[in-house]
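Below is target-v4.txt, which holds compact mmCIF, C-alpha atoms and all ligand atoms.
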```txt
# COMPACT_ATOMS: atom_id res chain seq x y z
CA MET A 1357 0.00 0.00 0.00
CA ASN A 1358 1.27 3.48 -0.84
CA ARG A 1359 1.22 5.97 1.99
CA ILE A 1360 2.15 9.66 1.89
CA PHE A 1361 3.48 11.63 4.84
CA SER A 1362 3.97 15.38 4.71
CA GLY A 1363 3.84 18.36 7.03
CA MET A 1364 4.31 22.09 7.43
CA GLN A 1365 5.75 24.00 10.33
CA PRO A 1366 3.37 26.32 12.20
CA THR A 1367 5.92 29.12 12.26
CA ARG A 1368 3.98 32.19 11.15
CA LEU A 1369 1.09 31.96 8.66
CA LEU A 1370 1.05 29.97 5.44
CA HIS A 1371 1.64 31.96 2.28
CA LEU A 1372 1.06 31.71 -1.46
CA GLY A 1373 4.35 29.81 -1.93
CA ASN A 1374 3.27 27.14 0.54
CA TYR A 1375 -0.04 26.89 -1.29
CA LEU A 1376 1.15 26.79 -4.92
CA GLY A 1377 4.33 24.82 -4.17
CA ALA A 1378 2.93 22.24 -1.76
CA LEU A 1379 -0.59 22.41 -0.34
CA ARG A 1380 -2.37 22.53 -3.69
CA ASN A 1381 -0.48 19.41 -4.79
CA TRP A 1382 -1.38 17.59 -1.58
CA VAL A 1383 -5.05 18.08 -2.39
CA ALA A 1384 -4.51 16.15 -5.64
CA LEU A 1385 -2.62 13.34 -3.86
CA GLN A 1386 -5.49 12.45 -1.53
CA ASP A 1387 -7.28 10.58 -4.34
CA GLN A 1388 -4.33 8.29 -5.12
CA TYR A 1389 -2.75 7.64 -1.74
CA GLU A 1390 -3.49 7.11 1.90
CA CYS A 1391 -2.34 10.51 3.17
CA ILE A 1392 -1.06 11.76 6.50
CA PHE A 1393 -0.80 15.55 6.73
CA CYS A 1394 0.82 16.64 9.97
CA VAL A 1395 1.18 20.08 11.55
CA VAL A 1396 4.81 19.65 12.58
CA ASP A 1397 4.76 21.74 15.74
CA LEU A 1398 7.78 20.03 17.33
CA HIS A 1399 9.86 21.15 14.34
CA ALA A 1400 8.71 24.72 14.93
CA LEU A 1401 10.42 24.65 18.35
CA THR A 1402 13.84 24.36 16.70
CA LEU A 1403 13.74 28.16 16.38
CA PRO A 1404 12.50 30.47 19.20
CA GLN A 1405 8.65 30.74 19.31
CA ASP A 1406 6.25 32.85 21.33
CA ALA A 1407 3.93 30.31 23.06
CA PRO A 1408 0.48 31.95 22.48
CA THR A 1409 1.41 32.75 18.87
CA LEU A 1410 2.53 29.17 18.29
CA THR A 1411 -0.79 27.85 19.64
CA LYS A 1412 -2.65 30.16 17.23
CA ASN A 1413 -0.47 29.24 14.26
CA ILE A 1414 -0.92 25.50 14.86
CA ARG A 1415 -4.69 25.91 14.41
CA ALA A 1416 -4.16 28.23 11.43
CA VAL A 1417 -2.04 25.66 9.59
CA ALA A 1418 -4.61 22.92 10.24
CA ALA A 1419 -7.35 25.29 9.04
CA ALA A 1420 -5.33 26.05 5.89
CA TYR A 1421 -4.99 22.33 5.09
CA ILE A 1422 -8.75 21.83 5.32
CA ALA A 1423 -9.64 25.13 3.61
CA ALA A 1424 -7.34 24.26 0.69
CA GLY A 1425 -9.38 21.10 0.13
CA ILE A 1426 -7.85 18.32 2.20
CA ASP A 1427 -10.70 16.26 3.55
CA PRO A 1428 -10.18 15.42 7.26
CA ASP A 1429 -12.55 12.46 6.94
CA ARG A 1430 -10.41 10.78 4.27
CA ASN A 1431 -6.92 11.85 5.45
CA LEU A 1432 -5.17 12.13 8.80
CA ILE A 1433 -4.74 15.75 9.88
CA TYR A 1434 -3.25 16.20 13.34
CA ASN A 1435 -0.51 17.86 15.44
CA GLN A 1436 2.84 16.15 15.66
CA SER A 1437 3.10 16.77 19.42
CA ALA A 1438 -0.17 14.89 20.01
CA VAL A 1439 1.50 11.62 18.96
CA SER A 1440 4.38 10.77 21.29
CA GLY A 1441 5.82 8.21 18.85
CA HIS A 1442 7.46 11.01 16.83
CA SER A 1443 9.74 11.99 19.74
CA GLU A 1444 10.34 8.42 20.90
CA LEU A 1445 11.36 7.14 17.49
CA ALA A 1446 13.50 10.25 16.90
CA TRP A 1447 15.51 9.39 20.04
CA ILE A 1448 16.03 5.78 18.98
CA PHE A 1449 17.06 6.93 15.49
CA SER A 1450 19.42 9.53 16.94
CA CYS A 1451 21.28 6.65 18.59
CA HIS A 1452 21.74 5.07 15.15
CA THR A 1453 22.73 8.22 13.24
CA PRO A 1454 26.42 9.11 12.91
CA MET A 1455 27.06 12.79 13.66
CA GLY A 1456 28.96 12.96 10.36
CA TRP A 1457 25.70 12.46 8.47
CA LEU A 1458 24.16 15.47 10.22
CA ASN A 1459 27.30 17.56 9.71
CA ARG A 1460 26.61 17.39 5.98
CA MET A 1461 23.12 18.95 6.20
CA THR A 1462 23.19 22.31 4.44
CA GLN A 1463 19.96 23.66 5.98
CA PHE A 1464 21.47 23.62 9.48
CA LYS A 1465 24.33 25.77 8.21
CA GLU A 1466 21.83 28.26 6.75
CA LYS A 1467 19.50 28.38 9.75
CA ALA A 1468 22.07 28.26 12.58
CA GLY A 1469 23.35 31.77 11.86
CA LYS A 1470 26.85 32.96 12.61
CA GLN A 1471 27.17 31.61 16.15
CA LYS A 1472 26.82 27.89 15.36
CA ASP A 1473 27.65 26.89 18.95
CA MET A 1474 24.61 28.81 20.20
CA ALA A 1475 22.17 27.06 17.83
CA ALA A 1476 19.88 24.56 19.58
CA LEU A 1477 20.65 20.85 19.53
CA GLY A 1478 17.10 20.42 18.16
CA LEU A 1479 17.93 22.48 15.07
CA TYR A 1480 20.90 20.23 14.42
CA ALA A 1481 18.86 17.05 15.04
CA TYR A 1482 15.82 18.27 13.03
CA PRO A 1483 16.44 15.85 10.13
CA VAL A 1484 16.39 12.90 12.56
CA LEU A 1485 12.96 13.99 13.81
CA MET A 1486 11.85 14.32 10.19
CA ALA A 1487 13.03 10.76 9.51
CA ALA A 1488 11.00 9.60 12.52
CA ASP A 1489 7.91 11.51 11.27
CA ILE A 1490 7.99 9.62 7.98
CA LEU A 1491 9.09 6.19 9.18
CA LEU A 1492 6.73 6.08 12.19
CA TYR A 1493 3.98 5.52 9.60
CA LYS A 1494 6.18 3.48 7.24
CA ALA A 1495 5.30 6.06 4.59
CA THR A 1496 6.33 4.99 1.10
CA HIS A 1497 6.22 8.42 -0.54
CA VAL A 1498 7.06 11.94 0.61
CA PRO A 1499 6.26 15.02 -1.49
CA VAL A 1500 9.36 17.16 -1.18
CA GLY A 1501 10.54 20.48 -2.48
CA GLU A 1502 14.15 21.10 -3.45
CA ASP A 1503 14.92 22.35 0.10
CA GLN A 1504 13.93 19.04 1.73
CA LYS A 1505 15.59 16.57 -0.68
CA GLN A 1506 18.72 16.18 1.41
CA HIS A 1507 16.64 15.48 4.53
CA LEU A 1508 14.63 12.77 2.76
CA GLU A 1509 17.89 11.20 1.58
CA LEU A 1510 18.97 11.09 5.24
CA ALA A 1511 15.66 9.47 6.23
CA ARG A 1512 16.40 6.72 3.69
CA ASP A 1513 19.91 6.30 5.08
CA ILE A 1514 18.58 6.04 8.64
CA ALA A 1515 15.94 3.48 7.61
CA GLY A 1516 18.61 1.45 5.85
CA ALA A 1517 21.03 1.66 8.79
CA PHE A 1518 18.33 0.55 11.25
CA ASN A 1519 17.23 -2.36 9.04
CA ARG A 1520 20.84 -3.53 8.60
CA PHE A 1521 21.80 -3.21 12.26
CA TYR A 1522 18.84 -5.31 13.44
CA GLU A 1523 18.87 -7.52 10.33
CA LYS A 1524 15.14 -6.95 9.83
CA ASP A 1525 13.16 -5.31 7.06
CA VAL A 1526 11.33 -2.93 9.40
CA PHE A 1527 11.23 0.31 7.44
CA PRO A 1528 10.56 0.84 3.73
CA LEU A 1529 12.90 3.37 2.11
CA PRO A 1530 10.60 6.35 1.42
CA GLU A 1531 10.59 7.64 -2.16
CA PRO A 1532 10.43 11.31 -3.08
CA GLN A 1533 7.06 12.12 -4.67
CA ILE A 1534 7.78 14.32 -7.64
CA LEU A 1535 5.02 16.86 -7.97
CA GLY A 1536 4.40 17.62 -11.63
CA GLU A 1537 5.77 21.04 -12.38
CA ALA A 1538 6.54 22.27 -8.87
CA THR A 1539 5.92 25.99 -8.70
CA ARG A 1540 8.63 27.91 -6.94
CA VAL A 1541 7.24 31.26 -5.81
CA MET A 1542 9.72 34.04 -5.15
CA SER A 1543 9.52 37.00 -2.77
CA LEU A 1544 7.45 39.96 -4.01
CA ARG A 1545 10.26 42.25 -2.87
CA ASP A 1546 13.22 40.35 -4.32
CA GLY A 1547 12.90 37.97 -7.26
CA THR A 1548 16.06 36.11 -6.28
CA LYS A 1549 14.81 34.98 -2.85
CA LYS A 1550 12.03 32.43 -2.33
CA MET A 1551 8.80 33.61 -0.75
CA SER A 1552 9.22 32.47 2.86
CA LYS A 1553 7.60 32.66 6.27
CA SER A 1554 10.96 33.69 7.69
CA ASP A 1555 11.28 36.84 5.52
CA GLU A 1556 11.12 39.95 7.78
CA SER A 1557 9.08 41.94 5.25
CA ASP A 1558 5.29 41.42 5.31
CA TYR A 1559 5.21 42.78 1.76
CA SER A 1560 7.38 39.90 0.55
CA ARG A 1561 4.52 37.37 0.71
CA ILE A 1562 0.77 36.98 0.32
CA ASN A 1563 -0.60 35.09 3.30
CA LEU A 1564 -3.57 32.74 2.93
CA THR A 1565 -5.32 34.86 5.57
CA ASP A 1566 -4.88 38.15 3.66
CA ASP A 1567 -8.10 39.87 2.59
CA ALA A 1568 -8.68 41.43 -0.85
CA ASP A 1569 -7.30 44.83 0.24
CA ALA A 1570 -4.09 43.32 1.61
CA ILE A 1571 -3.59 41.24 -1.54
CA ALA A 1572 -4.16 44.31 -3.73
CA LEU A 1573 -1.72 46.41 -1.73
CA LYS A 1574 1.00 43.75 -1.78
CA ILE A 1575 0.67 43.16 -5.52
CA ARG A 1576 0.68 46.91 -6.18
CA LYS A 1577 3.84 47.27 -4.10
CA ALA A 1578 5.51 44.20 -5.65
CA LYS A 1579 8.88 45.07 -7.13
CA THR A 1580 8.96 45.29 -10.94
CA ASP A 1581 10.90 47.11 -13.64
CA PRO A 1582 9.68 49.94 -15.91
CA GLU A 1583 9.47 47.91 -19.17
CA PRO A 1584 6.17 46.43 -20.39
CA LEU A 1585 5.86 42.62 -20.40
CA PRO A 1586 7.87 40.88 -23.14
CA ALA A 1587 6.46 38.31 -25.59
CA THR A 1588 8.92 35.46 -25.00
CA LEU A 1589 9.84 33.37 -21.97
CA GLU A 1590 13.47 33.89 -22.89
CA GLU A 1591 13.15 37.67 -22.45
CA LEU A 1592 11.05 37.21 -19.32
CA ALA A 1593 13.69 34.97 -17.71
CA LYS A 1594 16.12 37.91 -17.64
CA ARG A 1595 13.74 39.85 -15.34
CA ALA A 1596 13.37 37.95 -12.07
CA GLU A 1597 10.51 39.97 -10.53
CA ALA A 1598 8.46 40.08 -13.75
CA ASP A 1599 9.08 36.37 -14.23
CA ASN A 1600 7.81 35.65 -10.72
CA LEU A 1601 4.54 37.56 -11.21
CA VAL A 1602 3.85 35.72 -14.48
CA THR A 1603 4.67 32.41 -12.75
CA ILE A 1604 2.14 33.22 -10.04
CA TYR A 1605 -0.49 34.21 -12.61
CA ALA A 1606 0.02 30.99 -14.61
CA ALA A 1607 -0.12 28.81 -11.48
CA LEU A 1608 -3.28 30.48 -10.13
CA GLU A 1609 -4.99 30.27 -13.52
CA ASN A 1610 -3.71 26.71 -14.17
CA ILE A 1611 -2.27 27.57 -17.56
CA SER A 1612 1.26 27.43 -18.95
CA LYS A 1613 3.60 30.34 -18.38
CA GLN A 1614 3.75 30.94 -22.13
CA ASP A 1615 -0.05 31.24 -22.27
CA ALA A 1616 -0.05 33.61 -19.29
CA LEU A 1617 2.60 35.70 -21.00
CA SER A 1618 0.84 35.69 -24.38
CA ARG A 1619 -2.28 37.06 -22.69
CA HIS A 1620 -0.30 40.02 -21.34
CA ALA A 1621 2.56 40.57 -23.79
CA GLY A 1622 3.13 44.32 -24.21
CA ALA A 1623 0.99 45.20 -21.18
CA THR A 1624 2.25 47.71 -18.62
CA PHE A 1625 2.76 46.43 -15.10
CA SER A 1626 -0.10 48.50 -13.73
CA ALA A 1627 -2.49 46.73 -16.13
CA PHE A 1628 -0.98 43.28 -15.55
CA LYS A 1629 -0.95 43.75 -11.77
CA ALA A 1630 -4.64 44.70 -11.80
CA ASP A 1631 -5.42 41.44 -13.64
CA LEU A 1632 -3.20 39.43 -11.32
CA CYS A 1633 -4.86 40.98 -8.31
CA ASP A 1634 -8.38 40.08 -9.54
CA LEU A 1635 -7.22 36.53 -10.22
CA ALA A 1636 -5.47 36.14 -6.85
CA VAL A 1637 -8.50 37.45 -4.97
CA ALA A 1638 -10.87 35.17 -6.94
CA LYS A 1639 -8.75 32.07 -6.29
CA LEU A 1640 -7.69 32.76 -2.70
CA SER A 1641 -10.81 34.30 -1.17
CA PRO A 1642 -12.76 31.00 -0.96
CA ILE A 1643 -9.79 29.53 0.94
CA THR A 1644 -9.49 32.55 3.21
CA ASP A 1645 -13.24 32.52 3.94
CA LYS A 1646 -13.19 28.84 4.80
CA MET A 1647 -10.09 29.32 7.00
CA ASN A 1648 -11.77 32.15 8.88
CA GLN A 1649 -14.90 30.04 9.36
CA LEU A 1650 -12.81 27.17 10.79
CA LEU A 1651 -10.77 29.49 13.01
CA GLY A 1652 -14.02 30.98 14.31
CA ASP A 1653 -14.82 27.64 15.94
CA PRO A 1654 -11.58 26.50 17.63
CA ALA A 1655 -13.38 23.76 19.60
CA GLU A 1656 -14.53 22.10 16.36
CA LEU A 1657 -11.05 22.44 14.85
CA ASP A 1658 -9.51 20.88 17.97
CA ARG A 1659 -12.02 18.03 17.72
CA ILE A 1660 -10.93 17.35 14.11
CA LEU A 1661 -7.27 17.40 15.16
CA ARG A 1662 -7.99 15.12 18.13
CA LYS A 1663 -9.72 12.60 15.87
CA GLY A 1664 -6.76 12.70 13.46
CA ALA A 1665 -4.31 12.24 16.34
CA ASP A 1666 -6.22 9.24 17.68
CA LYS A 1667 -6.05 7.49 14.30
CA ALA A 1668 -2.38 8.46 13.82
CA ASN A 1669 -1.64 7.10 17.29
CA GLU A 1670 -3.05 3.70 16.37
CA ILE A 1671 -0.55 3.35 13.50
CA ALA A 1672 2.29 4.90 15.51
CA ALA A 1673 1.71 2.64 18.50
CA ARG A 1674 2.02 -0.45 16.29
CA THR A 1675 5.34 0.74 14.87
CA MET A 1676 6.67 1.68 18.31
CA ALA A 1677 5.74 -1.71 19.77
CA GLU A 1678 7.55 -3.41 16.89
CA VAL A 1679 10.61 -1.13 17.19
CA LYS A 1680 10.88 -1.49 20.97
CA ASP A 1681 10.66 -5.25 20.66
CA ILE A 1682 13.41 -5.33 18.01
CA VAL A 1683 15.66 -2.95 19.98
CA GLY A 1684 15.13 -4.92 23.19
CA LEU A 1685 13.27 -2.28 25.21
P1 LIG B 1701 8.85 28.44 4.69
O1 LIG B 1701 10.14 28.51 3.92
O2 LIG B 1701 7.88 29.50 4.29
O3 LIG B 1701 9.06 28.33 6.17
P2 LIG B 1701 8.38 25.63 4.83
O4 LIG B 1701 9.82 25.34 4.88
O5 LIG B 1701 7.58 25.44 6.08
O6 LIG B 1701 8.14 27.09 4.25
O7 LIG B 1701 7.75 24.79 3.64
C1 LIG B 1701 6.51 24.13 3.68
C2 LIG B 1701 6.23 23.59 2.29
O8 LIG B 1701 6.01 24.67 1.37
C3 LIG B 1701 7.39 22.79 1.69
O9 LIG B 1701 6.86 21.69 0.96
C4 LIG B 1701 8.08 23.77 0.77
O10 LIG B 1701 8.75 23.13 -0.29
C5 LIG B 1701 6.91 24.62 0.28
N1 LIG B 1701 7.34 25.99 0.01
C6 LIG B 1701 7.78 26.89 0.91
N2 LIG B 1701 8.08 28.07 0.33
C7 LIG B 1701 7.82 27.91 -1.00
C8 LIG B 1701 7.91 28.78 -2.14
N3 LIG B 1701 8.32 30.03 -2.02
N4 LIG B 1701 7.56 28.30 -3.36
C9 LIG B 1701 7.13 27.02 -3.48
N5 LIG B 1701 7.00 26.15 -2.45
C10 LIG B 1701 7.34 26.58 -1.23
NA NA B 1702 11.93 26.50 4.93
```
Output the file's structure in the form of structure tokens.
Amino acid sequence: MNRIFSGMQPTRLLHLGNYLGALRNWVALQDQYECIFCVVDLHALTLPQDAPTLTKNIRAVAAAYIAAGIDPDRNLIYNQSAVSGHSELAWIFSCHTPMGWLNRMTQFKEKAGKQKDMAALGLYAYPVLMAADILLYKATHVPVGEDQKQHLELARDIAGAFNRFYEKDVFPLPEPQILGEATRVMSLRDGTKKMSKSDESDYSRINLTDDADAIALKIRKAKTDPEPLPATLEELAKRAEADNLVTIYAALENISKQDALSRHAGATFSAFKADLCDLAVAKLSPITDKMNQLLGDPAELDRILRKGADKANEIAARTMAEVKDIVGL
């Protein structure tokens, strides 16, 4: 049986990049796979968080999953911290993971900042927890963006090392799930940086909770150049910010970039941005409305998460019983 595991960190609110690059693709996967979509709150703790904000963001990420179209009755949606198996398995894996493997992880180097010795042990061990997330459910496929490929490779190495050490075929080696043409959305303020939750500028990203006015303002303020839109993708590729806005338009409208460009070739940015704004509002407002409706009833949202956690726990408990038996605990 093919099983998908994926998750997003509840650090800040989800944005258009998370939606077009990941969430929207997850919605399509639910028809072909048994899917587990986790709100990876333990991962969020690897960087400093404000407790009440974290609590709010956990619900907001769960609401975004459901509002984007993931059906909580057909898929598991729950909080990582509600299933203790994630932490338990991460510890056992950490005792089977050479430090040298973690020393190679490039994301730690990026996120640790200049004072590496002051970075938390959890930030360093993050990929081990990610391996536990996936393998706890014996997931066979993991949808990954470019930034997570190295971590999935490590999860495969850990699974292999565990299986070899105990001479048992406990864990399948999870395969990366290649998602069609993965859309990479860049910052609205700098076409060379990806749109990210961790960007300091609010104008760099459109959040899934933004209303029509906020979306309009951010698109109006998006960095561009003075030239009208070109006719060819080749010309467009030389202009990072223009390229990004056309990419967003094409993704929202579900058409090719060339078609999106052909529709607007020769247009000024004020005209193109007005079109893009209408499109973004039309596509995102149903999601925003549904999110707000879900967030308006936190007790119901918590009930959905609790139900997901109970089902996840059933699978996790089976794996943990098997693992503990094999390890001798
Ligand atoms: P962020 O960088 O905003 O913190 P995460 O690392 O939590 O985002 O990523 C969650 C998911 O969203 C991942 O699958 C990631 O590949 C995807 N994602 C994040 N930012 C973008 C982006 N700018 N464009 C496309 N996909 C993205
Ligand atoms: Na990231």
Protein and nucleic acid residues within 8 Å of ligand LIG 1701 (chain B) (all atoms listed in the file) as a PyMOL selection string
chain A and resi 1362-1367+1370-1379+1499-1504+1538-1543+1550-1554
- Query: Do you know which residues are at most 12 Å from stretch 1566-1581 of chain A counting all atoms listed in the file, after dropping those on the same chain fewer than 5 positions away, and could you put them as a ChimeraX atom specification?
  - Reply: /A:1369-1372,1542-1548,1557-1561,1586,1592,1594-1602,1604-1605,1624-1645,1647-1648
From the list A:Leu1398, A:Leu1479, A:Ala1418, A:Val1383, the nearest residue to A:Asn1459 using only C-alpha atoms is A:Leu1479
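In this structure, atom CA of A:Leu1508 sits 12.5 Å away from atom CA of A:Trp1457.
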Need to verify the contact set: stretch 1399-1404 of chain A, 10 Å, all atoms listed in the file, exclusion of same-chain residues closer than 5 positions in sequence. Can you return it as a PyMOL selection string? chain A and resi 1363-1368+1410+1414+1436-1437+1467-1468+1475-1483+1485-1486
Requested write-out: C-alpha atoms of the selected residues, as a PDB file, keeping the file's coordinate frame:
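Generated output (selection00.pdb):
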```pdb
ATOM      1  CA  GLY A1363       3.840  18.360   7.030  1.00  0.00           C
ATOM      2  CA  MET A1364       4.310  22.090   7.430  1.00  0.00           C
ATOM      3  CA  GLN A1365       5.750  24.000  10.330  1.00  0.00           C
ATOM      4  CA  PRO A1366       3.370  26.320  12.200  1.00  0.00           C
ATOM      5  CA  THR A1367       5.920  29.120  12.260  1.00  0.00           C
ATOM      6  CA  ARG A1368       3.980  32.190  11.150  1.00  0.00           C
ATOM      7  CA  LEU A1410       2.530  29.170  18.290  1.00  0.00           C
ATOM      8  CA  ILE A1414      -0.920  25.500  14.860  1.00  0.00           C
ATOM      9  CA  GLN A1436       2.840  16.150  15.660  1.00  0.00           C
ATOM     10  CA  SER A1437       3.100  16.770  19.420  1.00  0.00           C
ATOM     11  CA  LYS A1467      19.500  28.380   9.750  1.00  0.00           C
ATOM     12  CA  ALA A1468      22.070  28.260  12.580  1.00  0.00           C
ATOM     13  CA  ALA A1475      22.170  27.060  17.830  1.00  0.00           C
ATOM     14  CA  ALA A1476      19.880  24.560  19.580  1.00  0.00           C
ATOM     15  CA  LEU A1477      20.650  20.850  19.530  1.00  0.00           C
ATOM     16  CA  GLY A1478      17.100  20.420  18.160  1.00  0.00           C
ATOM     17  CA  LEU A1479      17.930  22.480  15.070  1.00  0.00           C
ATOM     18  CA  TYR A1480      20.900  20.230  14.420  1.00  0.00           C
ATOM     19  CA  ALA A1481      18.860  17.050  15.040  1.00  0.00           C
ATOM     20  CA  TYR A1482      15.820  18.270  13.030  1.00  0.00           C
ATOM     21  CA  PRO A1483      16.440  15.850  10.130  1.00  0.00           C
ATOM     22  CA  LEU A1485      12.960  13.990  13.810  1.00  0.00           C
ATOM     23  CA  MET A1486      11.850  14.320  10.190  1.00  0.00           C
TER      24      MET A1486
END
```
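Considering the residues A:Pro1454, A:Pro1528, A:Gly1516, A:Gly1425 and counting all atoms listed in the file, A:Asn1358 has its shortest atom-to-atom contact with A:Pro1528.
Atom CA of A:Asp1658 is found 7.8 Å from atom CA of A:Arg1415.
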Selection: 9 Å around A:Lys1646, all atoms listed in the file, excl. self and same-chain fewer than 3 positions, as a ChimeraX atom specification | /A:1419-1420,1422-1424,1641-1643,1649-1651
task = Have a look at A:Leu1385, A:Leu1661, A:Leu1492, A:Val1417 and name the one nearest to A:Gly1441; count all atoms listed in the file.
result =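 Between A:Leu1385, A:Leu1661, A:Leu1492, A:Val1417, the residue approaching A:Gly1441 most closely is A:Leu1492.
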Atom CA of A:Arg1359 and atom CA of A:Asn1413 are how many Å apart?
->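 According to the coordinates, atom CA of A:Arg1359 and atom CA of A:Asn1413 are separated by 26.4 Å.
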Using all atoms listed in the file, the best pick from A:Ala1607, A:Ile1534, A:Glu1466, A:Ala1438 as closest to ligand NA 1702 (chain B) would be A:Glu1466
- Shortest interatomic distance to ligand NA 1702 (chain B) - which of A:Asn1431, A:Phe1464, A:Ile1360, A:Lys1663, counting all atoms listed in the file: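 Of A:Asn1431, A:Phe1464, A:Ile1360, A:Lys1663, the one nearest ligand NA 1702 (chain B) is A:Phe1464, counting all atoms listed in the file.
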Mind filling out stretch 1562-1579 of chain A with N, CA and C atoms and sending it as a PDB file, in the frame of the given file?
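Okay, result_29.pdb is ready:
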```pdb
ATOM      1  N   ILE A1562       2.229  36.922   0.153  1.00  0.00           N
ATOM      2  CA  ILE A1562       0.770  36.980   0.320  1.00  0.00           C
ATOM      3  C   ILE A1562       0.396  35.828   1.226  1.00  0.00           C
ATOM      4  N   ASN A1563      -0.185  36.136   2.369  1.00  0.00           N
ATOM      5  CA  ASN A1563      -0.600  35.090   3.300  1.00  0.00           C
ATOM      6  C   ASN A1563      -1.986  34.571   2.918  1.00  0.00           C
ATOM      7  N   LEU A1564      -2.250  33.313   3.256  1.00  0.00           N
ATOM      8  CA  LEU A1564      -3.570  32.740   2.930  1.00  0.00           C
ATOM      9  C   LEU A1564      -4.678  33.420   3.735  1.00  0.00           C
ATOM     10  N   THR A1565      -4.314  34.153   4.776  1.00  0.00           N
ATOM     11  CA  THR A1565      -5.320  34.860   5.570  1.00  0.00           C
ATOM     12  C   THR A1565      -5.510  36.321   5.112  1.00  0.00           C
ATOM     13  N   ASP A1566      -4.747  36.763   4.123  1.00  0.00           N
ATOM     14  CA  ASP A1566      -4.880  38.150   3.660  1.00  0.00           C
ATOM     15  C   ASP A1566      -6.240  38.384   2.994  1.00  0.00           C
ATOM     16  N   ASP A1567      -6.842  39.549   3.266  1.00  0.00           N
ATOM     17  CA  ASP A1567      -8.100  39.870   2.590  1.00  0.00           C
ATOM     18  C   ASP A1567      -7.796  40.563   1.250  1.00  0.00           C
ATOM     19  N   ALA A1568      -8.856  40.877   0.496  1.00  0.00           N
ATOM     20  CA  ALA A1568      -8.680  41.430  -0.850  1.00  0.00           C
ATOM     21  C   ALA A1568      -7.844  42.717  -0.832  1.00  0.00           C
ATOM     22  N   ASP A1569      -8.058  43.578   0.180  1.00  0.00           N
ATOM     23  CA  ASP A1569      -7.300  44.830   0.240  1.00  0.00           C
ATOM     24  C   ASP A1569      -5.816  44.573   0.453  1.00  0.00           C
ATOM     25  N   ALA A1570      -5.501  43.632   1.336  1.00  0.00           N
ATOM     26  CA  ALA A1570      -4.090  43.320   1.610  1.00  0.00           C
ATOM     27  C   ALA A1570      -3.431  42.727   0.376  1.00  0.00           C
ATOM     28  N   ILE A1571      -4.159  41.847  -0.317  1.00  0.00           N
ATOM     29  CA  ILE A1571      -3.590  41.240  -1.540  1.00  0.00           C
ATOM     30  C   ILE A1571      -3.330  42.333  -2.574  1.00  0.00           C
ATOM     31  N   ALA A1572      -4.310  43.233  -2.746  1.00  0.00           N
ATOM     32  CA  ALA A1572      -4.160  44.310  -3.730  1.00  0.00           C
ATOM     33  C   ALA A1572      -2.968  45.187  -3.406  1.00  0.00           C
ATOM     34  N   LEU A1573      -2.823  45.549  -2.143  1.00  0.00           N
ATOM     35  CA  LEU A1573      -1.720  46.410  -1.730  1.00  0.00           C
ATOM     36  C   LEU A1573      -0.370  45.739  -1.982  1.00  0.00           C
ATOM     37  N   LYS A1574      -0.276  44.463  -1.621  1.00  0.00           N
ATOM     38  CA  LYS A1574       1.000  43.750  -1.780  1.00  0.00           C
ATOM     39  C   LYS A1574       1.370  43.573  -3.252  1.00  0.00           C
ATOM     40  N   ILE A1575       0.365  43.310  -4.091  1.00  0.00           N
ATOM     41  CA  ILE A1575       0.670  43.160  -5.520  1.00  0.00           C
ATOM     42  C   ILE A1575       1.045  44.514  -6.113  1.00  0.00           C
ATOM     43  N   ARG A1576       0.339  45.564  -5.677  1.00  0.00           N
ATOM     44  CA  ARG A1576       0.680  46.910  -6.180  1.00  0.00           C
ATOM     45  C   ARG A1576       2.112  47.277  -5.812  1.00  0.00           C
ATOM     46  N   LYS A1577       2.500  46.913  -4.577  1.00  0.00           N
ATOM     47  CA  LYS A1577       3.840  47.270  -4.100  1.00  0.00           C
ATOM     48  C   LYS A1577       4.919  46.284  -4.579  1.00  0.00           C
ATOM     49  N   ALA A1578       4.523  45.192  -5.221  1.00  0.00           N
ATOM     50  CA  ALA A1578       5.510  44.200  -5.650  1.00  0.00           C
ATOM     51  C   ALA A1578       6.541  44.847  -6.565  1.00  0.00           C
ATOM     52  N   LYS A1579       7.801  44.475  -6.349  1.00  0.00           N
ATOM     53  CA  LYS A1579       8.880  45.070  -7.130  1.00  0.00           C
ATOM     54  C   LYS A1579       8.767  44.648  -8.596  1.00  0.00           C
TER      55      LYS A1579
END
```
